[in-house]
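Engineer: Let me give you the structure first, and then I'll get to my questions.
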Amino acid sequence: MTNTLVDTYLSIRRQTLRLVEGLSAEDLVLQSMPDASPAKWHLAHTTWFFEAFFLQKKCKHYTPFNPQFQVLFNSYYNTVGEQHPRPQRGMLARPSLDEVLAYRHHVDKHMVSLLTECEEISCSAVTVGLHHEMQHQELLLTDLLHLFFLNPLKPPVMAGDTTLLDTPVSNDCQPYFKVYSESLTTIGCNGPQKDTRKRSSVPFSYDCERPAHSVFMPAFRMSNRLVTNREWLAFMDDGGYKQSLLWLSDGWLCKERNNWCAPLYWIQCKQGWQEFGLDGLQPVNLSSPVCHVSYYEADAYARWAGKRLPYEYELEKIALQRPIEGQFLEQLQWRPQPAESTEGMHQIYGDVWEWTQSAYSAYLGFIPERGALGEYNGKFMANQFVLKGGSCVTPKALVRASYRNFFHPQQRWQFSGLRLAE
């Protein structure tokens with residue numbers, strides 16, 4: 001196996017550890033809600049993934065670090081075995097953080113040996129594990145953000161620029177709708193080659209992105225940028241959270257039950273609205289994209305604005321025409337940033353995940369991965385919506401035009417926002 005793959009493996013694994021530098025063991029063991037997981041669990045689960053799917057399958061004489069970890073850190077793979085209940089992951093005071101870090105070191109040592117010596121392991125299979133780790137880097141940050149928000153001290157998770165101020169109105173990127181003619185467009189992608197010895201030549205995708213297929217798109221118009229906090233405040237000031245006719249029935253019930261009146265992490269103070277982020281509590285930057293809103297809220301806003309949410313194939317068509325550039329995890333901004341005041345389409349990649357009105361379901365011809373990895377995506381194709389584009393805490397290498405993120409319509413602890421279409 002090439003040294004490039006080993007270097008990539010170690011680089012991604014080290015990046016996960018850098019995200020928790022400076023945090024205490026107490027920070028990493030807590031679980032704020034059933035949808036989230038403790039950071040310590042993320043560190044262990046991503047390690048379990050490599051141990052369960054590679055070391056135990058490919059290394060004849062490999063001895064598991066701790067056989068009990070097979071249950072503790074299995075997420076949802078029924079074909080692999082039992083799992084510790086997800087809502088109780090925060091109860092795992094043991095193993096200690098030191099033991100989890102030793103577990104990571106143990107698995108990394110054996111994975112490096114496997115990647116260096118084993119000719120039977122495919123490059124594309126390892127890439128699944130690396131993309132899985134990058135997905136958990138984002139989840140680790142969003143889960144920590146929710147945890148720290150529940151602390152009345154509102155402590156920052158990360159060091160960051162605490163001097164961000166609102167961009168003046170005159171500097172806002174003015175919205176307009178670009179026209180796209182009707183077309184027959186190929187979206188999705190085909191699977192990777194079975195085994196080439198060069199990682200760069202293996203086009204990675206998850207099974208839910210396949211197969212590539214043609215979609216007829218009627219003409220549509222798409223906003224050149226994401227909806228901003230300034231525009232969301234106008235929706236709030238106009239009673240957007242109080243007008244039932246704007247809301248889907250389930251959304252209205254969800255809003256009422258949870259007393260939603262603003263995006264998650266917004267706090268109204270004497271000085272005005274403030275927003276909690278990974279870098280702490282700051283005044284809401286009115287020019288930045290609105291973030292941490294549910295599908296229900298995004299849909300209600302679109303109705304209020306007289307527009308609609310895009311379909312996933314519309315955003316994918318636009319993304320295919322653009323390079324993968326934007327605000328990602330690597331910029332360490334920790335918050336979505338305002339669009340540039342220039343012409344053209346902005347924020348197609350990065351900043352916030354964009355809700356679509358497309359249900360997360362299988363493409364015609366969908367074939368799940370073989371074995372346990374077939375549980376990765378397909379079994380979640382019910383009652384969820386697709387999001388596109390990535391966010392400011394998404395690793396750049398994770399993003400591509402065909403990538404399909406998916407969440408339930410009531411969930412909003414992720415970096416989720418919206419763009420309008422018509």
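Residue names in the structure tokens use chain letters A, B, ... in the order shown, residue numbers from 1 in each chain, and ligand numbers from 1 in the order shown.
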Just the helix (DSSP H, G or I) stuff from segment 69-316 of chain A, please, per backbone DSSP, written as number ranges by chain.

Structural biologist: A: 69-72, 86-91, 97-117, 123-149, 169-171, 199-201, 207-209, 229-237, 244-246, 249-258, 295-304, 312-316

Engineer: Within 6 Å of segment 80-102 of chain A, which residues of segment 28-59 of chain A show up? Give each one with its shortest atom-to-atom distance in Å (one decimal) and the two atoms involved, counting only C-alpha atoms, rows by chain then rising residue number, as a tab-separated table.

Structural biologist:
residue	atom	partner	partner_atom	distance
A:Val29	CA	A:Gly90	CA	6.0
A:Leu30	CA	A:Gly90	CA	5.1
A:Gln31	CA	A:Gly90	CA	4.6
A:Pro34	CA	A:Pro87	CA	4.5
A:Pro38	CA	A:Gly90	CA	6.0
A:Ala44	CA	A:Val100	CA	5.9

Engineer: From the set A:Arg225, A:Arg210, A:His131, A:Arg14, which residue has the shortest atom-to-atom contact distance to Phe49 of chain A, counting only C-alpha atoms?

Structural biologist: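 Checking each of A:Arg225, A:Arg210, A:His131, A:Arg14 against Phe49 of chain A, counting only C-alpha atoms, the winner is A:His131.
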
Engineer: Counting only C-alpha atoms, which of A:Asn74, A:Thr116, A:Gln137, A:Thr394 gets nearest to Leu19 of chain A?

Structural biologist: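 Looking only at the distances to Leu19 of chain A, the closest residue turns out to be A:Gln137.
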
Engineer: Might you pull out every residue within 12 Å of Val179 of chain A, with only C-alpha atoms counted and same-chain residues fewer than 5 positions away left off, and present them as a list of chain:residue names?

Structural biologist: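 Residues meeting the cut-off are A:Pro218, A:Ala219, A:Phe220, A:Arg221, A:Met222, A:Ser223, A:Asn224, A:Glu314, A:Ile318, A:Gly344, A:Met345, A:Ala421, A:Glu422.
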
Engineer: Would you pick out the contacts of Phe65 of chain A at 7 Å or less, using only C-alpha atoms, so that residues sharing its chain but fewer than 2 positions from it are not included, and give the list as a list in words?

Structural biologist: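 Final neighbour list, sorted by chain and number: Thr63, Pro67 and Tyr103 of chain A.
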
Engineer: Can you measure atom CA of Pro395 of chain A to atom CA of Leu329 of chain A for me? One decimal in Å is fine.

Structural biologist: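 The value is 5.0 Å.
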
Engineer: Find the residues near Leu278 of chain A: any atom within 10 Å, counting only C-alpha atoms, skip ones fewer than 6 places away on the same chain, and give them as a list in words.

Structural biologist: Leu141, Thr142, Leu144, Leu145, His146, Phe148, Phe149, Lys154, Pro155, Pro156, Val157, Met158, Ala159, Gly160, Gln333, Trp334, Arg335 and Val393 of chain A
